[in-house]
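**Student:** target27.csv (CSV, C-alpha atoms and all ligand atoms) pasted underneath:
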chain,number,residue,atom,x,y,z
K,1,MET,CA,101.4,43.5,127.5
K,2,ASP,CA,100.1,40.7,129.7
K,3,ASN,CA,102.1,39.8,132.8
K,4,PRO,CA,102.7,36.0,132.4
K,5,ALA,CA,102.9,35.4,136.1
K,6,ARG,CA,99.5,37.1,136.6
K,7,THR,CA,98.0,35.3,133.7
K,8,ALA,CA,99.2,31.9,135.1
K,9,GLU,CA,97.8,32.9,138.5
K,10,PHE,CA,94.4,33.8,136.9
K,11,ILE,CA,94.2,30.5,135.1
K,12,ILE,CA,95.1,28.5,138.2
K,13,HIS,CA,92.5,30.4,140.2
K,14,ARG,CA,89.8,30.0,137.4
K,15,ASP,CA,90.4,26.3,137.0
K,16,ALA,CA,90.3,25.7,140.7
K,17,ARG,CA,87.0,27.6,140.9
K,18,ARG,CA,85.5,25.6,138.1
K,19,ALA,CA,86.6,22.3,139.6
K,20,THR,CA,85.1,23.3,143.0
K,21,LEU,CA,81.8,24.2,141.2
K,22,GLN,CA,81.7,21.0,139.3
K,23,GLN,CA,82.3,18.9,142.4
K,24,HIS,CA,79.6,20.9,144.3
K,25,LEU,CA,77.0,20.5,141.6
K,26,ALA,CA,77.8,16.7,141.3
K,27,GLU,CA,77.0,16.3,145.0
K,28,LEU,CA,74.0,18.7,145.0
K,29,LEU,CA,72.4,17.2,141.9
K,30,ALA,CA,73.3,13.5,142.4
K,31,ALA,CA,69.6,12.6,142.9
K,32,HIS,CA,68.1,15.0,140.3
K,33,SER,CA,68.1,14.5,136.6
K,34,ARG,CA,65.7,17.4,135.5
K,35,ILE,CA,66.0,20.8,137.0
K,36,THR,CA,64.6,24.3,136.8
K,37,LEU,CA,67.2,27.0,136.6
K,38,GLU,CA,67.1,30.8,137.2
K,39,ILE,CA,70.1,32.6,135.8
K,40,GLY,CA,70.9,35.9,137.5
K,41,ALA,CA,68.4,35.2,140.3
K,42,GLY,CA,69.2,38.4,142.2
K,43,HIS,CA,67.5,38.5,145.6
K,44,GLY,CA,65.7,35.2,144.9
K,45,HIS,CA,62.1,36.4,145.2
K,46,PHE,CA,60.9,34.8,142.0
K,47,LEU,CA,62.5,31.3,142.4
K,48,THR,CA,61.5,31.0,146.1
K,49,ASP,CA,57.9,31.5,145.3
K,50,TYR,CA,58.2,29.4,142.1
K,51,ALA,CA,59.8,26.5,144.1
K,52,THR,CA,57.0,26.8,146.8
K,53,ALA,CA,54.4,26.4,144.1
K,54,HIS,CA,56.3,23.6,142.3
K,55,ARG,CA,57.4,21.2,145.1
K,56,GLU,CA,57.8,18.4,142.6
K,57,GLU,CA,60.6,20.3,140.7
K,58,PHE,CA,64.2,20.8,141.9
K,59,CYS,CA,65.1,24.5,141.4
K,60,LEU,CA,68.6,26.0,141.2
K,61,GLY,CA,69.1,29.8,141.2
K,62,PHE,CA,72.4,31.5,140.8
K,63,ASP,CA,74.0,34.9,140.6
K,64,LEU,CA,77.4,36.4,140.3
K,65,LEU,CA,77.0,38.6,143.4
K,66,ARG,CA,77.6,36.9,146.8
K,67,ASP,CA,75.4,39.2,148.9
K,68,ARG,CA,72.4,38.6,146.6
K,69,VAL,CA,72.9,34.8,146.7
K,70,GLU,CA,73.1,34.9,150.6
K,71,ARG,CA,69.9,36.9,150.8
K,72,ALA,CA,68.2,34.6,148.4
K,73,GLN,CA,69.4,31.5,150.4
K,74,ARG,CA,68.1,33.0,153.6
K,75,LYS,CA,64.6,33.4,152.0
K,76,CYS,CA,64.8,29.8,150.9
K,77,ASN,CA,65.8,28.6,154.4
K,78,ARG,CA,63.0,30.7,156.0
K,79,ALA,CA,60.5,29.0,153.7
K,80,LYS,CA,62.0,25.6,154.6
K,81,LEU,CA,62.2,24.6,151.0
K,82,THR,CA,64.1,21.3,150.2
K,83,ASN,CA,63.7,21.6,146.5
K,84,LEU,CA,65.6,24.9,146.0
K,85,VAL,CA,69.2,26.0,146.3
K,86,PHE,CA,71.0,29.3,145.4
K,87,LEU,CA,74.6,29.4,144.4
K,88,LYS,CA,77.2,32.0,143.6
K,89,ALA,CA,78.3,31.3,140.0
K,90,GLU,CA,78.8,32.7,136.6
K,91,ALA,CA,76.3,31.6,133.9
K,92,ALA,CA,78.7,30.0,131.3
K,93,GLU,CA,80.7,28.4,134.1
K,94,LEU,CA,77.6,26.9,135.8
K,95,ILE,CA,76.2,25.5,132.5
K,96,ALA,CA,79.6,23.9,131.7
K,97,ALA,CA,79.9,22.4,135.2
K,98,LEU,CA,76.5,20.7,135.3
K,99,PRO,CA,76.8,17.0,135.7
K,100,ALA,CA,76.2,14.9,132.5
K,101,HIS,CA,73.1,13.2,133.8
K,102,VAL,CA,71.3,16.5,134.5
K,103,VAL,CA,69.0,18.3,131.9
K,104,LEU,CA,67.2,21.6,132.2
K,105,GLN,CA,63.5,21.5,131.9
K,106,ARG,CA,62.8,25.2,132.4
K,107,ILE,CA,65.1,28.2,132.4
K,108,PHE,CA,64.3,31.7,133.6
K,109,VAL,CA,66.4,34.7,132.6
K,110,LEU,CA,64.6,37.7,134.2
K,111,PHE,CA,65.8,41.2,133.7
K,112,PRO,CA,69.4,40.3,132.8
K,113,ASP,CA,71.8,43.2,132.6
K,114,PRO,CA,71.0,44.9,129.3
K,115,TRP,CA,74.5,46.3,128.5
K,116,PRO,CA,73.0,49.1,126.4
K,117,LYS,CA,76.2,50.5,124.9
K,118,ARG,CA,77.0,48.9,121.5
K,119,ARG,CA,80.6,48.1,122.5
K,120,HIS,CA,79.2,46.2,125.5
K,121,HIS,CA,76.6,44.1,123.6
K,122,LYS,CA,79.1,41.2,123.7
K,123,HIS,CA,78.5,40.9,127.4
K,124,ARG,CA,74.7,40.2,127.0
K,125,LEU,CA,73.6,36.7,128.0
K,126,MET,CA,70.9,36.2,125.4
K,127,GLN,CA,73.1,35.6,122.4
K,128,THR,CA,74.3,32.6,120.3
K,129,ASP,CA,77.4,32.0,122.4
K,130,PHE,CA,75.2,31.3,125.4
K,131,LEU,CA,72.1,29.9,123.7
K,132,HIS,CA,74.2,27.0,122.3
K,133,PRO,CA,75.5,25.5,125.6
K,134,LEU,CA,72.1,26.2,127.1
K,135,ALA,CA,70.4,24.2,124.3
K,136,ALA,CA,73.0,21.4,124.8
K,137,LYS,CA,71.9,21.0,128.4
K,138,ALA,CA,68.1,21.5,127.8
K,139,ALA,CA,65.7,18.6,127.5
K,140,ALA,CA,63.6,18.4,124.3
K,141,GLY,CA,60.6,20.7,124.9
K,142,ALA,CA,62.3,22.6,127.7
K,143,GLU,CA,61.2,26.2,128.1
K,144,LEU,CA,63.5,29.2,128.0
K,145,CYS,CA,61.6,32.1,129.6
K,146,PHE,CA,63.1,35.5,129.1
K,147,ARG,CA,61.9,38.9,130.3
K,148,THR,CA,63.4,42.4,130.1
K,149,ASP,CA,62.3,46.0,130.3
K,150,ASP,CA,65.0,47.0,127.7
K,151,ALA,CA,63.2,47.2,124.3
K,152,ALA,CA,66.4,47.1,122.3
K,153,TYR,CA,67.8,44.1,124.2
K,154,PHE,CA,64.4,42.3,123.8
K,155,ALA,CA,64.5,42.8,120.0
K,156,ALA,CA,68.1,41.7,119.7
K,157,ALA,CA,67.6,38.6,122.0
K,158,LYS,CA,64.4,37.7,120.1
K,159,ALA,CA,66.4,37.8,116.8
K,160,GLU,CA,69.1,35.6,118.3
K,161,VAL,CA,66.6,33.1,119.5
K,162,LEU,CA,64.7,33.1,116.2
K,163,ALA,CA,67.9,32.5,114.3
K,164,HIS,CA,69.0,29.7,116.5
K,165,PRO,CA,68.6,26.1,115.2
K,166,ASP,CA,67.7,24.6,118.6
K,167,TRP,CA,65.2,27.1,120.0
K,168,GLU,CA,61.7,27.9,118.7
K,169,ILE,CA,59.7,30.9,120.0
K,170,THR,CA,56.2,29.9,120.8
K,171,PRO,CA,54.1,33.1,120.9
K,172,THR,CA,51.1,31.2,122.3
K,173,ALA,CA,53.0,29.6,125.2
K,174,PRO,CA,51.8,31.1,128.5
K,175,TRP,CA,54.3,32.7,130.9
K,176,PRO,CA,54.5,29.8,133.4
K,177,PHE,CA,54.6,31.6,136.7
K,178,GLU,CA,54.1,35.2,137.7
K,179,ARG,CA,56.0,36.7,140.7
K,180,GLU,CA,57.4,40.2,140.5
K,181,THR,CA,61.2,40.4,140.7
K,182,VAL,CA,63.0,43.4,142.3
K,183,PHE,CA,63.9,44.7,138.8
K,184,GLN,CA,60.5,44.1,137.5
K,185,SER,CA,59.0,46.2,140.3
K,186,ARG,CA,61.1,49.2,139.1
K,187,ALA,CA,60.3,48.7,135.4
K,188,PRO,CA,57.5,50.8,133.8
K,189,ALA,CA,57.0,48.2,131.1
K,190,TYR,CA,58.6,44.9,130.0
K,191,GLN,CA,58.4,42.2,127.4
K,192,SER,CA,58.6,38.5,127.6
K,193,LEU,CA,59.2,35.5,125.4
K,194,VAL,CA,59.0,31.8,125.8
K,195,ALA,CA,61.1,29.6,123.5
K,196,LEU,CA,61.0,25.8,123.4
K,197,ARG,CA,64.0,23.5,122.9
K,198,ARG,CA,63.4,21.9,119.6
K,199,THR,CA,63.2,18.1,119.6
K,200,ILE,CA,65.3,18.1,116.4
K,201,SER,CA,67.6,20.9,115.5
K,202,LEU,CA,67.0,22.7,112.2
K,203,ASN,CA,69.2,21.6,109.3
K,204,PHE,CA,71.8,23.9,107.8
K,205,GLU,CA,69.5,25.3,105.0
K,206,GLN,CA,66.6,26.0,107.3
K,207,ASN,CA,68.9,27.7,109.8
K,208,GLN,CA,70.6,29.8,107.1
K,209,SER,CA,67.3,31.1,105.9
K,210,LEU,CA,66.3,32.1,109.4
K,211,VAL,CA,69.7,33.8,109.8
K,212,ALA,CA,69.2,35.7,106.5
K,213,GLU,CA,65.8,36.9,107.6
K,214,VAL,CA,67.3,38.2,110.9
K,215,LYS,CA,70.1,40.0,109.0
K,216,LEU,CA,67.6,41.6,106.7
K,217,ASN,CA,65.6,42.8,109.6
K,218,ARG,CA,68.7,44.3,111.1
K,219,ILE,CA,69.6,46.1,107.9
K,220,VAL,CA,66.1,47.6,107.6
K,221,GLY,CA,66.4,48.7,111.2
K,222,LYS,CA,63.8,46.5,112.8
K,223,ILE,CA,66.3,45.3,115.3
K,224,ARG,CA,69.7,46.6,116.5
K,301,LIG,C1,69.5,43.4,136.6
K,301,LIG,S1,69.7,42.2,137.8
K,301,LIG,C2,68.2,41.3,137.8
K,301,LIG,C3,68.1,40.4,139.0
K,301,LIG,C4,66.7,39.6,139.1
K,301,LIG,N1,66.6,38.7,138.0
K,301,LIG,C5,65.5,40.6,139.1
K,301,LIG,O1,64.8,40.6,138.1
K,301,LIG,O2,65.4,41.3,140.0
K,301,LIG,C6,70.8,41.1,136.9
K,301,LIG,C7,71.4,40.0,137.8
K,301,LIG,O3,72.2,39.1,137.0
K,301,LIG,C8,73.4,38.9,137.6
K,301,LIG,N2,74.4,38.5,136.6
K,301,LIG,C9,74.9,39.3,135.6
K,301,LIG,N3,75.7,38.6,134.8
K,301,LIG,C10,75.7,37.3,135.3
K,301,LIG,C11,76.3,36.1,134.9
K,301,LIG,N4,77.1,36.1,133.8
K,301,LIG,N5,76.1,35.0,135.6
K,301,LIG,C12,75.3,35.0,136.7
K,301,LIG,N6,74.7,36.1,137.1
K,301,LIG,C13,74.8,37.2,136.4
K,301,LIG,C14,73.8,40.2,138.3
K,301,LIG,O4,74.6,40.0,139.4
K,301,LIG,C15,72.4,40.6,138.8
K,301,LIG,O5,72.0,40.2,140.1
Show me this structure written as structure tokens.
**Tutor:**
Amino acid sequence: MDNPARTAEFIIHRDARRATLQQHLAELLAAHSRITLEIGAGHGHFLTDYATAHREEFCLGFDLLRDRVERAQRKCNRAKLTNLVFLKAEAAELIAALPAHVVLQRIFVLFPDPWPKRRHHKHRLMQTDFLHPLAAKAAAGAELCFRTDDAAYFAAAKAEVLAHPDWEITPTAPWPFERETVFQSRAPAYQSLVALRRTISLNFEQNQSLVAEVKLNRIVGKIR
């Protein structure tokens, strides 16, 4: 049974953390309305080089692990970049805390934790529960760029994106920027997809037919 005192303490702590993040983002992004985001930015190699090559964009990278964020921020400081910041934050909390005037123009999800065991699949980032709030904050035409070395995760994530009313996979869209990440350097092979935020969401029937197609593929074992 849950201990009510501990539960209450958890909720107070969580709400305070979210309020602090919201306040910090409001100050950080006051002058920026379109941003580029890297989720689970790890040691920050990718976004530091990306921000160096795209000085006109404001880039925000974040990760759950403080030591990775600190290392990433040191890289950013050494490069004297004023268009890049790294933060310690959790993905769903960060998206929920973004100020109302901010939209995402490009989102990178590079080698996210694959959670290979079936009972852990619920922890994967690239699924409907997360694609929804991400779409709600994405500008029309925004790019969601996903890369992983886990073939099963790639297939499942692709199915989730295909079935989503707000995202459209564009097989011809080029990968916007190449810079090897730490996890990429250890991967013998990987797959990527680029999805665009639809200007108009699919209607119910269109979405249902996509969902049915994905379910069928799952039944015939094309994806798991
Ligand atoms: C496998 S590592 C990949 C790091 C980097 N993208 C790379 O390719 O080298 C996954 C990273 O995502 C972070 N992470 C996992 N779940 C997260 C979440 N819910 N919110 C933010 N970061 C998360 C982890 O702390 C870890 O640094």
**Student:** Collect all residues with atoms no farther than 6 Å from ligand LIG 301 (chain K), counting all atoms listed in the file, and output them as a PDB file with C-alpha atoms, in the frame of the given file.
**Tutor:**
ATOM      1  CA  ILE K  39      70.100  32.600 135.800  1.00  0.00           C
ATOM      2  CA  GLY K  40      70.900  35.900 137.500  1.00  0.00           C
ATOM      3  CA  ALA K  41      68.400  35.200 140.300  1.00  0.00           C
ATOM      4  CA  GLY K  42      69.200  38.400 142.200  1.00  0.00           C
ATOM      5  CA  ASP K  63      74.000  34.900 140.600  1.00  0.00           C
ATOM      6  CA  LEU K  64      77.400  36.400 140.300  1.00  0.00           C
ATOM      7  CA  LEU K  65      77.000  38.600 143.400  1.00  0.00           C
ATOM      8  CA  ALA K  89      78.300  31.300 140.000  1.00  0.00           C
ATOM      9  CA  GLU K  90      78.800  32.700 136.600  1.00  0.00           C
ATOM     10  CA  ALA K  91      76.300  31.600 133.900  1.00  0.00           C
ATOM     11  CA  LEU K 110      64.600  37.700 134.200  1.00  0.00           C
ATOM     12  CA  PHE K 111      65.800  41.200 133.700  1.00  0.00           C
ATOM     13  CA  PRO K 112      69.400  40.300 132.800  1.00  0.00           C
ATOM     14  CA  ASP K 113      71.800  43.200 132.600  1.00  0.00           C
ATOM     15  CA  THR K 181      61.200  40.400 140.700  1.00  0.00           C
ATOM     16  CA  VAL K 182      63.000  43.400 142.300  1.00  0.00           C
ATOM     17  CA  PHE K 183      63.900  44.700 138.800  1.00  0.00           C
ATOM     18  CA  GLN K 184      60.500  44.100 137.500  1.00  0.00           C
TER      19      GLN K 184
END
**Student:** Can you pull out every residue within 6 Å of range 142-157 of chain K, counting only C-alpha atoms, but drop anything in the same chain fewer than 4 positions away, and send it as a ChimeraX atom specification?
**Tutor:** /K:105-111,126,138,189-197,223
**Student:** Could you check how far CA of Arg124 in chain K sits from CA of Ala92 in chain K, in Å to one decimal?
**Tutor:**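 Straight-line distance from CA of Arg124 in chain K to CA of Ala92 in chain K works out to 11.8 Å.
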**Student:** For each of K:Ala16, K:Ala96, K:Val103, K:His132, take the minimum atom-to-atom distance to Cys59 in chain K, counting all atoms listed in the file, then give the residue where this is smallest.
**Tutor:**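 Smallest distance to Cys59 in chain K is found for K:Val103.
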**Student:** Please compute the CA of Leu81 in chain K-CA of Ala19 in chain K distance, one decimal, in Å.
**Tutor:** 27.0 Å
**Student:** Report as number ranges by chain all protein, DNA and RNA residues lying within 7 Å of Phe86 in chain K, evaluated on only C-alpha atoms, omitting residues in the same chain fewer than 3 positions from it.
**Tutor:** K: 60-62, 69, 72-73
**Student:** Between CA of Pro176 in chain K and CA of Gly44 in chain K, measure the distance and give it in Å to one decimal.
**Tutor:**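 So the answer is 16.9 Å.
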**Student:** For Leu104 in chain K, which of K:Lys137, K:Lys158, K:Arg6, K:His32 is the closest residue, counting only C-alpha atoms?
**Tutor:**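 The shortest atom-to-atom distance to Leu104 in chain K comes from K:Lys137.
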**Student:** Which one is closest to Arg179 in chain K: K:Thr82, K:Thr199, K:Thr48, K:Gln127? Count all atoms listed in the file.
**Tutor:**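 Once distances to Arg179 in chain K are computed over all atoms listed in the file, the minimum belongs to K:Thr48.
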**Student:** Starting from the incomplete input, reconstruct N, CA and C atoms of range 94-119 of chain K and report them as a short mmCIF file (atom, residue, chain, number, x, y, z; two decimals), keeping the file's coordinate frame.
**Tutor:**
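Okay, rebuild-v7.cif is ready:
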data_model
loop_
_atom_site.label_atom_id
_atom_site.label_comp_id
_atom_site.auth_asym_id
_atom_site.auth_seq_id
_atom_site.Cartn_x
_atom_site.Cartn_y
_atom_site.Cartn_z
N LEU K 94 78.60 27.86 135.13
CA LEU K 94 77.60 26.90 135.80
C LEU K 94 77.11 25.93 134.74
N ILE K 95 76.74 26.41 133.57
CA ILE K 95 76.20 25.50 132.50
C ILE K 95 77.25 24.43 132.20
N ALA K 96 78.51 24.88 132.05
CA ALA K 96 79.60 23.90 131.70
C ALA K 96 79.85 22.93 132.80
N ALA K 97 79.55 23.30 134.04
CA ALA K 97 79.90 22.40 135.20
C ALA K 97 78.72 21.50 135.57
N LEU K 98 77.58 21.60 134.88
CA LEU K 98 76.50 20.70 135.30
C LEU K 98 76.83 19.27 134.99
N PRO K 99 76.45 18.37 135.88
CA PRO K 99 76.80 17.00 135.70
C PRO K 99 76.11 16.43 134.38
N ALA K 100 76.71 15.42 133.78
CA ALA K 100 76.20 14.90 132.50
C ALA K 100 74.80 14.35 132.59
N HIS K 101 74.40 13.84 133.76
CA HIS K 101 73.10 13.20 133.80
C HIS K 101 71.95 14.24 134.02
N VAL K 102 72.29 15.51 134.17
CA VAL K 102 71.30 16.50 134.50
C VAL K 102 70.85 17.27 133.20
N VAL K 103 69.52 17.42 133.02
CA VAL K 103 69.00 18.30 131.90
C VAL K 103 68.15 19.38 132.51
N LEU K 104 68.05 20.45 131.76
CA LEU K 104 67.20 21.60 132.20
C LEU K 104 65.84 21.46 131.62
N GLN K 105 64.83 21.62 132.47
CA GLN K 105 63.50 21.50 131.90
C GLN K 105 62.81 22.88 131.80
N ARG K 106 63.26 23.84 132.56
CA ARG K 106 62.80 25.20 132.40
C ARG K 106 63.88 26.15 132.87
N ILE K 107 64.03 27.23 132.12
CA ILE K 107 65.10 28.20 132.40
C ILE K 107 64.53 29.57 132.43
N PHE K 108 64.77 30.30 133.50
CA PHE K 108 64.30 31.70 133.60
C PHE K 108 65.50 32.63 133.50
N VAL K 109 65.36 33.63 132.65
CA VAL K 109 66.40 34.70 132.60
C VAL K 109 65.53 36.01 132.69
N LEU K 110 65.52 36.55 133.90
CA LEU K 110 64.60 37.70 134.20
C LEU K 110 65.38 38.96 134.41
N PHE K 111 65.12 39.91 133.57
CA PHE K 111 65.80 41.20 133.70
C PHE K 111 67.30 41.12 133.75
N PRO K 112 67.92 40.37 132.83
CA PRO K 112 69.40 40.30 132.80
C PRO K 112 69.96 41.68 132.52
N ASP K 113 71.21 41.90 132.91
CA ASP K 113 71.80 43.20 132.60
C ASP K 113 71.77 43.48 131.12
N PRO K 114 71.24 44.64 130.71
CA PRO K 114 71.00 44.90 129.30
C PRO K 114 72.22 45.36 128.49
N TRP K 115 73.27 45.81 129.17
CA TRP K 115 74.50 46.30 128.50
C TRP K 115 74.07 47.16 127.29
N PRO K 116 73.52 48.33 127.53
CA PRO K 116 73.00 49.10 126.40
C PRO K 116 73.95 49.69 125.42
N LYS K 117 75.22 49.92 125.83
CA LYS K 117 76.20 50.50 124.90
C LYS K 117 76.59 49.43 123.85
N ARG K 118 76.65 49.86 122.59
CA ARG K 118 77.00 48.90 121.50
C ARG K 118 78.24 48.11 121.80
N ARG K 119 79.29 48.81 122.30
CA ARG K 119 80.60 48.10 122.50
C ARG K 119 80.47 47.08 123.65
#
